[in-house]
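Data block for my_file-v2.cif (mmCIF, C-alpha atoms and all ligand atoms):
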data_start
loop_
_atom_site.label_atom_id
_atom_site.label_comp_id
_atom_site.auth_asym_id
_atom_site.auth_seq_id
_atom_site.Cartn_x
_atom_site.Cartn_y
_atom_site.Cartn_z
CA MET A 1 12.60 21.67 -11.11
CA LYS A 2 10.35 21.38 -8.10
CA ILE A 3 10.41 18.22 -5.98
CA SER A 4 7.75 17.13 -3.52
CA ILE A 5 8.87 14.70 -0.84
CA ILE A 6 5.92 12.91 0.75
CA LEU A 7 6.11 10.95 3.99
CA GLY A 8 3.82 9.86 6.81
CA THR A 9 5.34 7.29 9.15
CA ARG A 10 8.46 6.64 11.23
CA PRO A 11 10.38 4.55 8.68
CA GLU A 12 9.62 7.00 5.87
CA ILE A 13 10.99 9.93 7.87
CA ILE A 14 14.18 8.00 8.67
CA LYS A 15 14.72 6.61 5.17
CA LEU A 16 13.93 9.86 3.38
CA SER A 17 16.19 11.89 5.69
CA PRO A 18 19.31 11.33 3.51
CA ILE A 19 17.36 12.52 0.45
CA ILE A 20 16.10 15.59 2.30
CA ARG A 21 19.71 16.30 3.38
CA GLU A 22 20.86 16.05 -0.22
CA CYS A 23 18.14 18.48 -1.37
CA GLU A 24 19.25 20.91 1.35
CA LYS A 25 22.92 20.51 0.42
CA LEU A 26 22.25 21.30 -3.23
CA SER A 27 19.71 24.05 -2.39
CA LEU A 28 17.09 22.39 -4.57
CA ASP A 29 13.55 23.65 -4.89
CA TYR A 30 11.74 21.07 -2.79
CA PHE A 31 9.12 20.82 -0.08
CA ILE A 32 7.87 18.14 2.31
CA ILE A 33 4.29 16.94 2.71
CA HIS A 34 3.46 14.89 5.82
CA SER A 35 0.27 12.85 5.59
CA GLY A 36 -0.09 12.71 9.38
CA GLN A 37 -0.45 8.90 9.30
CA HIS A 38 1.87 8.88 12.31
CA TYR A 39 1.33 11.74 14.75
CA THR A 40 2.36 10.62 18.27
CA PHE A 41 5.53 12.53 19.21
CA ASN A 42 7.79 9.51 19.70
CA ILE A 43 7.04 7.94 16.33
CA ASP A 44 6.90 11.20 14.40
CA GLU A 45 8.18 14.61 15.50
CA VAL A 46 11.10 13.23 17.51
CA PHE A 47 12.76 12.22 14.23
CA PHE A 48 12.41 15.67 12.66
CA GLU A 49 13.85 17.17 15.82
CA GLN A 50 16.73 14.71 16.21
CA LEU A 51 17.68 14.40 12.53
CA LYS A 52 17.40 18.18 12.18
CA LEU A 53 14.99 17.96 9.28
CA PRO A 54 12.99 20.96 8.12
CA MET A 55 9.37 20.74 9.29
CA PRO A 56 6.92 19.76 6.53
CA LYS A 57 5.37 22.63 4.58
CA TYR A 58 2.06 20.75 4.77
CA ASN A 59 0.72 18.29 7.33
CA LEU A 60 -2.56 16.70 6.28
CA LYS A 61 -3.16 15.34 9.79
CA VAL A 62 -5.14 12.35 8.49
CA GLY A 63 -4.50 10.29 11.63
CA SER A 64 -5.55 6.68 12.11
CA GLY A 65 -8.52 4.83 10.63
CA THR A 66 -9.42 1.87 8.49
CA HIS A 67 -7.23 1.32 5.44
CA ALA A 68 -9.90 2.80 3.18
CA GLU A 69 -10.46 5.85 5.39
CA GLN A 70 -6.77 6.58 5.78
CA THR A 71 -5.87 5.97 2.13
CA ALA A 72 -8.82 8.02 0.89
CA LYS A 73 -8.08 10.97 3.18
CA ILE A 74 -4.45 11.02 2.06
CA LEU A 75 -5.44 10.77 -1.61
CA LEU A 76 -7.78 13.76 -1.30
CA GLY A 77 -5.35 15.84 0.73
CA ILE A 78 -2.33 15.15 -1.46
CA GLU A 79 -4.26 15.94 -4.63
CA LYS A 80 -5.13 19.41 -3.32
CA VAL A 81 -1.54 20.21 -2.37
CA LEU A 82 -0.09 18.88 -5.62
CA GLN A 83 -2.59 20.92 -7.64
CA LYS A 84 -1.62 24.05 -5.71
CA GLU A 85 2.16 23.50 -5.79
CA GLY A 86 2.57 21.86 -9.22
CA PRO A 87 5.79 19.92 -8.55
CA ASN A 88 7.57 18.15 -11.40
CA ILE A 89 8.07 15.00 -9.37
CA VAL A 90 6.96 13.43 -6.12
CA LEU A 91 9.26 11.16 -4.15
CA VAL A 92 7.81 8.49 -1.89
CA GLU A 93 9.57 5.76 0.09
CA GLY A 94 8.47 2.25 1.00
CA ASP A 95 5.08 0.60 1.24
CA THR A 96 2.70 2.40 3.60
CA ASN A 97 -0.78 3.72 2.89
CA THR A 98 0.81 7.17 2.58
CA VAL A 99 2.98 5.88 -0.26
CA LEU A 100 0.18 4.29 -2.24
CA ALA A 101 -2.24 7.20 -1.82
CA SER A 102 0.43 9.75 -2.79
CA ALA A 103 1.49 7.75 -5.84
CA LEU A 104 -2.12 7.45 -6.98
CA ALA A 105 -2.79 11.16 -6.52
CA ALA A 106 0.35 12.14 -8.44
CA SER A 107 -0.23 9.60 -11.17
CA LYS A 108 -3.73 10.87 -11.91
CA LEU A 109 -2.46 14.46 -12.08
CA GLY A 110 0.23 13.41 -14.56
CA ILE A 111 3.03 14.19 -12.09
CA LYS A 112 6.10 12.01 -12.23
CA ILE A 113 6.66 9.59 -9.34
CA GLY A 114 9.97 8.41 -7.95
CA HIS A 115 9.67 5.34 -5.72
CA VAL A 116 12.48 4.89 -3.24
CA GLU A 117 12.90 1.24 -2.16
CA ALA A 118 11.17 -0.19 -5.23
CA GLY A 119 10.98 -3.88 -6.11
CA LEU A 120 10.61 -5.40 -2.63
CA ARG A 121 8.25 -8.38 -2.54
CA SER A 122 7.20 -10.71 0.28
CA TYR A 123 4.83 -12.56 -2.08
CA ASP A 124 2.27 -12.44 0.72
CA ARG A 125 -0.78 -10.62 -0.57
CA GLN A 126 -2.37 -10.63 2.89
CA MET A 127 0.08 -7.94 3.96
CA PRO A 128 -1.36 -4.50 3.24
CA GLU A 129 2.19 -3.37 2.47
CA GLU A 130 2.56 -5.91 -0.36
CA ILE A 131 -0.39 -4.43 -2.26
CA ASN A 132 0.91 -0.91 -1.60
CA ARG A 133 4.36 -1.82 -2.99
CA ILE A 134 3.14 -3.53 -6.11
CA LEU A 135 0.69 -0.79 -7.06
CA THR A 136 3.17 1.99 -6.32
CA ASP A 137 5.92 0.34 -8.37
CA HIS A 138 3.57 -0.08 -11.29
CA CYS A 139 2.57 3.58 -11.44
CA SER A 140 6.07 4.96 -10.82
CA ASP A 141 8.31 6.56 -13.43
CA LEU A 142 11.64 6.27 -11.63
CA LEU A 143 12.13 3.14 -9.55
CA PHE A 144 15.00 3.21 -7.09
CA ALA A 145 15.72 -0.44 -6.39
CA PRO A 146 18.01 -0.99 -3.38
CA THR A 147 19.65 -4.11 -4.79
CA GLU A 148 20.14 -6.02 -8.03
CA LYS A 149 17.64 -8.57 -6.72
CA SER A 150 14.89 -5.95 -6.46
CA ARG A 151 15.75 -4.69 -9.97
CA LYS A 152 15.27 -8.20 -11.37
CA ILE A 153 11.90 -8.54 -9.61
CA LEU A 154 10.71 -5.34 -11.30
CA ILE A 155 11.92 -6.43 -14.72
CA HIS A 156 10.24 -9.79 -14.25
CA GLU A 157 6.97 -7.94 -13.60
CA GLY A 158 7.28 -6.19 -16.94
CA ILE A 159 8.51 -2.77 -15.79
CA GLN A 160 10.63 -1.00 -18.41
CA GLU A 161 14.34 -1.42 -17.70
CA ASN A 162 15.16 2.23 -18.33
CA LYS A 163 12.95 3.33 -15.42
CA ILE A 164 14.86 1.21 -12.87
CA PHE A 165 18.03 2.28 -11.04
CA VAL A 166 19.95 0.24 -8.48
CA THR A 167 20.93 2.80 -5.85
CA GLY A 168 21.40 0.94 -2.57
CA ASN A 169 19.04 1.52 0.34
CA THR A 170 18.96 4.95 2.02
CA ILE A 171 18.87 3.19 5.40
CA VAL A 172 22.63 2.65 5.00
CA ASP A 173 23.06 6.42 4.48
CA ALA A 174 20.87 7.08 7.53
CA ILE A 175 22.97 4.79 9.72
CA TYR A 176 26.32 6.15 8.47
CA GLN A 177 25.15 9.76 8.82
CA ASN A 178 23.89 9.29 12.36
CA TYR A 179 26.00 6.56 13.84
CA LYS A 180 28.74 8.85 15.08
CA LYS A 181 26.20 10.90 17.00
CA ILE A 182 24.62 8.08 18.96
CA LYS A 183 26.98 8.16 21.90
CA GLU A 184 26.68 11.85 22.59
CA LYS A 185 23.04 12.41 21.60
CA SER A 186 20.97 9.36 22.52
CA ARG A 187 18.45 9.96 25.29
CA THR A 188 18.57 8.00 28.51
CA ILE A 189 17.12 4.56 27.96
CA ASP A 190 15.02 3.29 30.83
CA CYS A 191 16.65 -0.15 31.06
CA PRO A 192 18.54 -0.60 34.32
CA GLY A 193 21.13 -3.35 34.39
CA ILE A 194 21.76 -3.75 30.69
CA SER A 195 25.22 -3.74 29.22
CA LYS A 196 26.77 -4.41 25.82
CA ASN A 197 25.87 -7.82 24.38
CA ASN A 198 23.92 -8.65 27.51
CA TYR A 199 20.29 -8.27 26.40
CA PHE A 200 17.98 -9.02 23.50
CA LEU A 201 16.08 -6.34 21.59
CA ALA A 202 12.60 -6.99 20.20
CA THR A 203 10.20 -5.01 18.02
CA VAL A 204 6.83 -6.38 16.92
CA HIS A 205 4.18 -4.26 15.21
CA ARG A 206 3.03 -5.87 11.92
CA GLN A 207 -0.73 -5.93 11.50
CA GLU A 208 -0.78 -9.65 10.62
CA ASN A 209 1.05 -10.41 13.88
CA VAL A 210 -0.32 -8.06 16.50
CA ASP A 211 -3.93 -7.97 15.26
CA ASN A 212 -4.04 -11.77 15.51
CA LYS A 213 -4.40 -12.97 19.11
CA GLU A 214 -2.82 -16.39 18.56
CA LYS A 215 0.16 -15.06 16.63
CA PHE A 216 0.83 -12.19 19.02
CA ARG A 217 0.53 -14.54 22.00
CA GLY A 218 2.89 -17.01 20.30
CA ILE A 219 5.50 -14.31 19.77
CA ILE A 220 5.30 -13.07 23.37
CA ARG A 221 5.61 -16.67 24.62
CA GLY A 222 8.63 -17.21 22.37
CA LEU A 223 10.29 -14.07 23.70
CA ASN A 224 9.66 -15.20 27.27
CA LEU A 225 11.16 -18.63 26.53
CA ILE A 226 14.31 -16.86 25.34
CA ALA A 227 14.44 -14.59 28.42
CA ALA A 228 14.16 -17.66 30.66
CA LYS A 229 16.65 -19.81 28.74
CA PHE A 230 19.41 -17.18 28.62
CA GLY A 231 18.58 -15.33 31.83
CA LEU A 232 18.81 -12.03 29.95
CA GLN A 233 16.46 -9.09 29.58
CA ILE A 234 14.42 -8.64 26.45
CA ILE A 235 13.80 -4.98 25.75
CA TYR A 236 10.76 -4.22 23.65
CA PRO A 237 10.15 -0.58 22.63
CA ILE A 238 6.50 -1.04 21.87
CA HIS A 239 4.69 0.53 18.91
CA PRO A 240 1.32 2.13 19.85
CA ARG A 241 -0.55 -0.36 17.66
CA SER A 242 0.99 -3.30 19.55
CA LEU A 243 0.35 -1.78 22.98
CA LYS A 244 -3.29 -1.29 22.07
CA GLN A 245 -3.59 -4.90 20.85
CA MET A 246 -1.78 -6.33 23.86
CA LYS A 247 -4.33 -4.68 26.16
CA LEU A 248 -7.23 -5.74 23.94
CA PHE A 249 -6.14 -9.41 23.94
CA ASN A 250 -5.12 -9.36 27.64
CA ILE A 251 -1.65 -10.65 26.77
CA GLU A 252 0.73 -10.65 29.74
CA LYS A 253 4.20 -9.32 29.07
CA ASN A 254 5.66 -11.51 31.85
CA ASN A 255 9.44 -11.05 31.81
CA LEU A 256 9.65 -8.66 28.88
CA HIS A 257 10.87 -5.13 29.50
CA LEU A 258 8.41 -2.90 27.65
CA ILE A 259 9.46 0.68 26.98
CA GLU A 260 8.11 3.59 24.91
CA PRO A 261 9.21 3.78 21.25
CA LEU A 262 12.69 5.29 21.12
CA ASP A 263 14.27 8.16 19.24
CA TYR A 264 16.57 7.10 16.39
CA PHE A 265 19.96 7.51 18.08
CA SER A 266 18.88 5.61 21.19
CA PHE A 267 17.36 2.85 19.11
CA LEU A 268 20.49 2.49 16.96
CA GLU A 269 22.58 2.25 20.10
CA LEU A 270 20.29 -0.40 21.53
CA GLU A 271 20.43 -2.34 18.24
CA LYS A 272 24.19 -2.16 17.95
CA ASN A 273 24.79 -3.42 21.49
CA ALA A 274 22.16 -6.18 21.50
CA ARG A 275 23.21 -9.81 21.56
CA LEU A 276 20.50 -10.51 19.01
CA ILE A 277 17.44 -8.75 17.60
CA LEU A 278 13.97 -10.29 17.23
CA THR A 279 11.66 -8.35 14.95
CA ASP A 280 8.91 -8.25 12.36
CA SER A 281 9.99 -4.80 11.14
CA GLY A 282 11.36 -4.35 7.64
CA GLY A 283 13.79 -1.58 8.51
CA VAL A 284 15.05 -3.34 11.61
CA GLN A 285 15.96 -6.49 9.59
CA GLU A 286 18.09 -4.23 7.37
CA GLU A 287 19.67 -2.31 10.24
CA ALA A 288 20.57 -5.51 12.10
CA CYS A 289 22.34 -6.71 8.96
CA ILE A 290 24.20 -3.42 8.49
CA LEU A 291 25.16 -3.18 12.18
CA LYS A 292 26.33 -6.83 12.22
CA VAL A 293 23.86 -8.00 14.85
CA PRO A 294 22.12 -11.36 14.27
CA CYS A 295 18.42 -11.13 13.59
CA VAL A 296 15.47 -13.49 14.00
CA THR A 297 12.45 -12.43 11.97
CA LEU A 298 9.07 -13.16 13.52
CA ARG A 299 7.39 -13.85 10.21
CA ASN A 300 7.17 -16.65 7.65
CA ASN A 301 8.41 -14.50 4.78
CA THR A 302 10.44 -11.39 4.14
CA GLU A 303 10.73 -8.84 1.37
CA ARG A 304 14.38 -8.51 2.43
CA PRO A 305 15.72 -11.93 1.23
CA GLU A 306 19.17 -10.34 0.87
CA THR A 307 19.49 -10.57 4.67
CA LEU A 308 18.74 -14.31 4.61
CA GLU A 309 21.31 -14.83 1.86
CA ALA A 310 23.90 -12.74 3.68
CA GLY A 311 23.33 -14.95 6.74
CA SER A 312 22.40 -12.12 9.13
CA ASN A 313 18.75 -13.09 9.43
CA ILE A 314 16.51 -16.14 9.74
CA LEU A 315 12.73 -16.58 9.51
CA ALA A 316 11.08 -17.99 12.64
CA GLY A 317 7.34 -17.35 12.23
CA THR A 318 5.31 -16.99 15.40
CA ASN A 319 5.58 -20.43 17.04
CA PRO A 320 7.28 -20.01 20.46
CA HIS A 321 9.50 -23.09 20.16
CA ASN A 322 10.62 -22.20 16.64
CA ILE A 323 11.48 -18.71 17.85
CA LEU A 324 13.67 -20.18 20.58
CA LEU A 325 15.31 -22.73 18.24
CA ARG A 326 16.10 -20.13 15.57
CA THR A 327 17.51 -17.80 18.21
CA GLU A 328 19.83 -20.52 19.51
CA TYR A 329 20.92 -21.23 15.93
CA MET A 330 21.65 -17.58 15.11
CA LEU A 331 23.63 -17.08 18.32
CA LYS A 332 26.09 -19.78 17.23
CA LYS A 333 26.76 -18.20 13.83
CA SER A 334 29.62 -15.87 13.03
CA ARG A 335 28.74 -12.19 12.46
CA GLU A 336 31.00 -11.87 9.44
CA TRP A 337 28.49 -11.22 6.67
CA ILE A 338 28.57 -8.56 3.98
CA ASN A 339 26.04 -5.73 3.94
CA PRO A 340 24.04 -6.11 0.69
CA PHE A 341 22.29 -2.72 0.90
CA GLY A 342 24.92 -0.43 -0.56
CA ASP A 343 27.61 2.06 0.35
CA GLY A 344 25.68 4.82 2.08
CA ASN A 345 25.42 7.09 -0.96
CA ALA A 346 21.94 6.09 -2.11
CA GLY A 347 20.43 9.50 -1.32
CA GLU A 348 23.00 11.32 -3.44
CA ARG A 349 22.54 8.83 -6.30
CA ILE A 350 18.75 9.16 -6.20
CA ILE A 351 18.78 12.96 -6.33
CA ASN A 352 21.32 12.86 -9.14
CA ILE A 353 19.03 10.60 -11.19
CA VAL A 354 16.01 12.79 -10.39
CA GLN A 355 17.89 15.85 -11.69
CA LYS A 356 18.99 14.08 -14.87
CA ASN A 357 15.42 13.01 -15.61
CA ASP A 358 14.09 16.52 -15.51
CA GLU A 359 11.68 16.17 -18.44
CA SER A 360 7.90 15.70 -18.13
CA ARG A 361 6.26 12.36 -17.49
CA PHE A 362 7.37 9.44 -19.68
C1 LIG A 401 2.21 1.69 9.43
C2 LIG A 401 2.42 1.00 8.09
C3 LIG A 401 3.44 -0.11 8.25
C4 LIG A 401 4.72 0.41 8.86
C5 LIG A 401 4.44 1.17 10.16
C6 LIG A 401 5.69 1.82 10.64
C7 LIG A 401 0.49 0.86 6.56
C8 LIG A 401 -0.56 -0.03 6.01
N1 LIG A 401 1.18 0.39 7.62
O1 LIG A 401 1.68 0.72 10.33
O2 LIG A 401 3.74 -0.65 6.97
O3 LIG A 401 5.57 -0.66 9.12
O4 LIG A 401 3.45 2.19 9.91
O5 LIG A 401 5.69 2.00 12.01
O6 LIG A 401 0.67 1.95 6.08
N2 LIG A 401 -1.12 4.97 16.34
C9 LIG A 401 -0.85 5.85 17.35
N3 LIG A 401 -0.09 6.94 17.05
C10 LIG A 401 0.36 7.20 15.80
C11 LIG A 401 0.05 6.31 14.78
C12 LIG A 401 -0.68 5.19 15.06
O7 LIG A 401 -1.24 5.68 18.49
O8 LIG A 401 1.05 8.21 15.61
C13 LIG A 401 -1.90 3.75 16.65
C14 LIG A 401 -3.38 3.90 16.37
O9 LIG A 401 -4.07 3.15 17.32
C15 LIG A 401 -3.52 3.26 15.00
C16 LIG A 401 -2.47 2.15 15.02
O10 LIG A 401 -1.41 2.68 15.81
O11 LIG A 401 -4.82 2.76 14.77
C17 LIG A 401 -1.95 1.75 13.66
O12 LIG A 401 -1.45 2.88 12.95
P1 LIG A 401 -1.35 2.85 11.34
O13 LIG A 401 -0.70 4.08 10.85
O14 LIG A 401 -2.69 2.53 10.76
O15 LIG A 401 -0.45 1.62 11.03
P2 LIG A 401 0.92 1.15 11.65
O16 LIG A 401 0.67 -0.11 12.38
O17 LIG A 401 1.60 2.27 12.35
N1 LIG A 402 12.95 2.72 15.19
C1 LIG A 402 13.18 3.75 16.10
N2 LIG A 402 12.73 3.61 17.39
C2 LIG A 402 12.07 2.50 17.81
C3 LIG A 402 11.85 1.46 16.89
C4 LIG A 402 12.28 1.61 15.59
O1 LIG A 402 13.80 4.76 15.75
O2 LIG A 402 11.71 2.44 19.00
C5 LIG A 402 13.39 2.88 13.80
C6 LIG A 402 14.34 1.79 13.32
O3 LIG A 402 15.67 2.15 13.62
C7 LIG A 402 14.05 1.72 11.82
C8 LIG A 402 12.60 2.17 11.73
O4 LIG A 402 12.25 2.77 12.96
O5 LIG A 402 14.85 2.63 11.09
C9 LIG A 402 11.71 0.99 11.45
O6 LIG A 402 10.38 1.39 11.51
P1 LIG A 402 9.18 0.39 11.76
O7 LIG A 402 9.69 -0.85 12.37
O8 LIG A 402 8.14 1.16 12.50
O9 LIG A 402 8.61 0.15 10.29
P2 LIG A 402 8.99 -0.84 9.11
O10 LIG A 402 10.42 -0.69 8.78
O11 LIG A 402 8.61 -2.22 9.53
O12 LIG A 402 8.08 -0.39 8.00
#
I'd like the structure from this file rewritten - as structure tokens, please.
Amino acid sequence: MKISIILGTRPEIIKLSPIIRECEKLSLDYFIIHSGQHYTFNIDEVFFEQLKLPMPKYNLKVGSGTHAEQTAKILLGIEKVLQKEGPNIVLVEGDTNTVLASALAASKLGIKIGHVEAGLRSYDRQMPEEINRILTDHCSDLLFAPTEKSRKILIHEGIQENKIFVTGNTIVDAIYQNYKKIKEKSRTIDCPGISKNNYFLATVHRQENVDNKEKFRGIIRGLNLIAAKFGLQIIYPIHPRSLKQMKLFNIEKNNLHLIEPLDYFSFLELEKNARLILTDSGGVQEEACILKVPCVTLRNNTERPETLEAGSNILAGTNPHNILLRTEYMLKKSREWINPFGDGNAGERIINIVQKNDESRF
């Protein structure tokens, strides 16, 4: 059986790393295709280097563009490689344009699709990721739901029960596999004066936030209110999209400490030691929950409701005062919640299921 693992962005590299490790461990016949959706060193290659992942056999180098341009280029490129290689299954993770385009290409060639992190829904159709998730789930043959909640969502949408497997989220595997290494291997973080529990960490990059001047401004104001109120630094490793938009909208960072995007070990260390995390990232909401750091989500919805139920996370939207109020609320709460995302063996479970379902497309 030949497996094709397709990825294209920072979170996909991180969340597929446990699956790639498992393929290596079992000496499976597999290869990696990189769409090239992310290409800047610090949101792409650094993760291959640090997580010691084999370099992709193919890199389509599609780069940035409009949604249609990017999705179309990936679709065309993936089709060519899949026709040449003839894998039995492709594995994709998450909700990016790379995921949707790869699933479409495979589906039309009659190649089985395994979707890692299936069944997440924000119920906000204005998010490009929501459309990508729904369409990918509905053309997948094996759906790896991280939690029972995501399994129920899929069943409710009419997806056959026997295609769905609750596996846990591979982000737990990624944290457990790498956590021990953070002390020795993280690179120097350019944040003088910070110490454990003595700073806030922020990440903001969602299209609906940073491409909207009012929302982005609201978030930056909210972060500055927090910095002023607590007299602590807010460290913001800034995604290239957000940096571009900040310059375009002439938004002043004021008291925020902006730094380059970080490698995984350094970022985990910064997350673990933060007093609280403010984010609109999907993966960061999960990691905060797993690492037992309170989280304030700078959105009005989340496809990770498990974190809200666990009590690790709260929705704050983009209004500055709400962001401050929710932060104050979360800081008073105890950190004793239970991680709902599994035991850290999702990668092993997923590969096991893939091997057991070694027949042609359903
Ligand atoms: C993409 C995903 C998003 C995911 C995020 C992870 C989609 C629709 N969006 O968003 O779900 O959360 O990745 O980080 O698939 N850029 C660079 N260097 C790069 C890549 C991008 O400078 O290596 C800049 C370019 O100006 C580009 C912009 O960032 O136009 C946005 O990149 P893009 O890949 O379109 O979307 P992300 O915002 O990264
Ligand atoms: N991350 C990182 N360095 C950073 C910021 C984030 O390694 O400077 C990691 C983070 O630990 C998480 C993932 O990137 O695993 C989240 O990716 P992102 O926020 O870009 O995408 P999303 O999860 O929202 O799709």
What residues have any atom no more than 6 Å from ligand LIG 402 (chain A) when counting only C-alpha atoms and all ligand atoms, and can you list them as a PyMOL selection string? chain A and resi 10-11+14+237+261-264+267-268+281-284
List as a count of residues only the protein and nucleic acid residues lying within 7 Å of ligand LIG 401 (chain A), with all atoms listed in the file counted. 26
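Close contacts of Ile350 (chain A), defined as residues with an atom at most 10 Å away when counting all atoms listed in the file, with chain neighbours fewer than 5 positions off set aside, comprise Pro18, Ile19, Glu22, Leu91, Gly114, His115, Val116, Leu142, Leu143, Phe144, Phe165, Val166, Thr167, Gly168, Thr170, Asn345, Gln355 and Lys356 of chain A.
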Record the distance separating CA of Asn212 (chain A) and CA of Glu303 (chain A), expressed in Å with one decimal. 20.7 Å
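Each of A:Ile351, A:Asp211, A:Arg221, A:Ile226 was compared to Asp29 (chain A) using all atoms listed in the file, and A:Ile351 turns out to be the nearest.
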Which residues are close to Asp343 (chain A), i.e. within 12 Å by only C-alpha atoms, leaving aside same-chain residues fewer than 2 positions away? Reply as a ChimeraX atom specification. /A:146-147,166-177,290,338-341,345-349
Residues near region 82-84 of chain A, cut-off 8 Å, all atoms listed in the file, skip fewer than 4 positions along chain, as a PyMOL selection string: chain A and resi 78+106+109
Pairwise distance for CA of Ile353 (chain A) and CA of Asn178 (chain A), rounded to one decimal in Å: 24.1 Å
Taking 5 positions as the minimum chain separation for residues in the same chain, which residues sit within 10 Å of Glu260 (chain A) when counting only C-alpha atoms? Answer as a VMD selection string. chain A and resid 42 to 43 189 to 190 236 to 240 243
Polymer residues at most 6 Å from Ala145 (chain A), all atoms listed in the file, same-chain spacing of 5 or more positions, as an MDAnalysis selection string: chainID A and resid 117:119 150:151 165:166
Pull C-alpha atoms from the residues just selected and write them as a short mmCIF file (atom, residue, chain, number, x, y, z; two decimals), in the frame of the given file.
data_model
loop_
_atom_site.label_atom_id
_atom_site.label_comp_id
_atom_site.auth_asym_id
_atom_site.auth_seq_id
_atom_site.Cartn_x
_atom_site.Cartn_y
_atom_site.Cartn_z
CA GLU A 117 12.90 1.24 -2.16
CA ALA A 118 11.17 -0.19 -5.23
CA GLY A 119 10.98 -3.88 -6.11
CA SER A 150 14.89 -5.95 -6.46
CA ARG A 151 15.75 -4.69 -9.97
CA PHE A 165 18.03 2.28 -11.04
CA VAL A 166 19.95 0.24 -8.48
#
To one decimal place, how far is CA of Thr71 (chain A) from CA of Lys57 (chain A) in Å? 20.2 Å
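Closest to Phe230 (chain A) among A:Ile6, A:Lys196, A:Phe249, A:Leu331 is A:Leu331, based on all atoms listed in the file.
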Counting only C-alpha atoms, which residues sit no farther than 8 Å from the position (11.9, -3.7, 19.4) in the file's frame? I'd like them as a list in words. Leu201, Ala202, Thr203, Val204, Ile235, Tyr236, Pro237, Ile238, Ile277, Leu278 and Thr279 of chain A
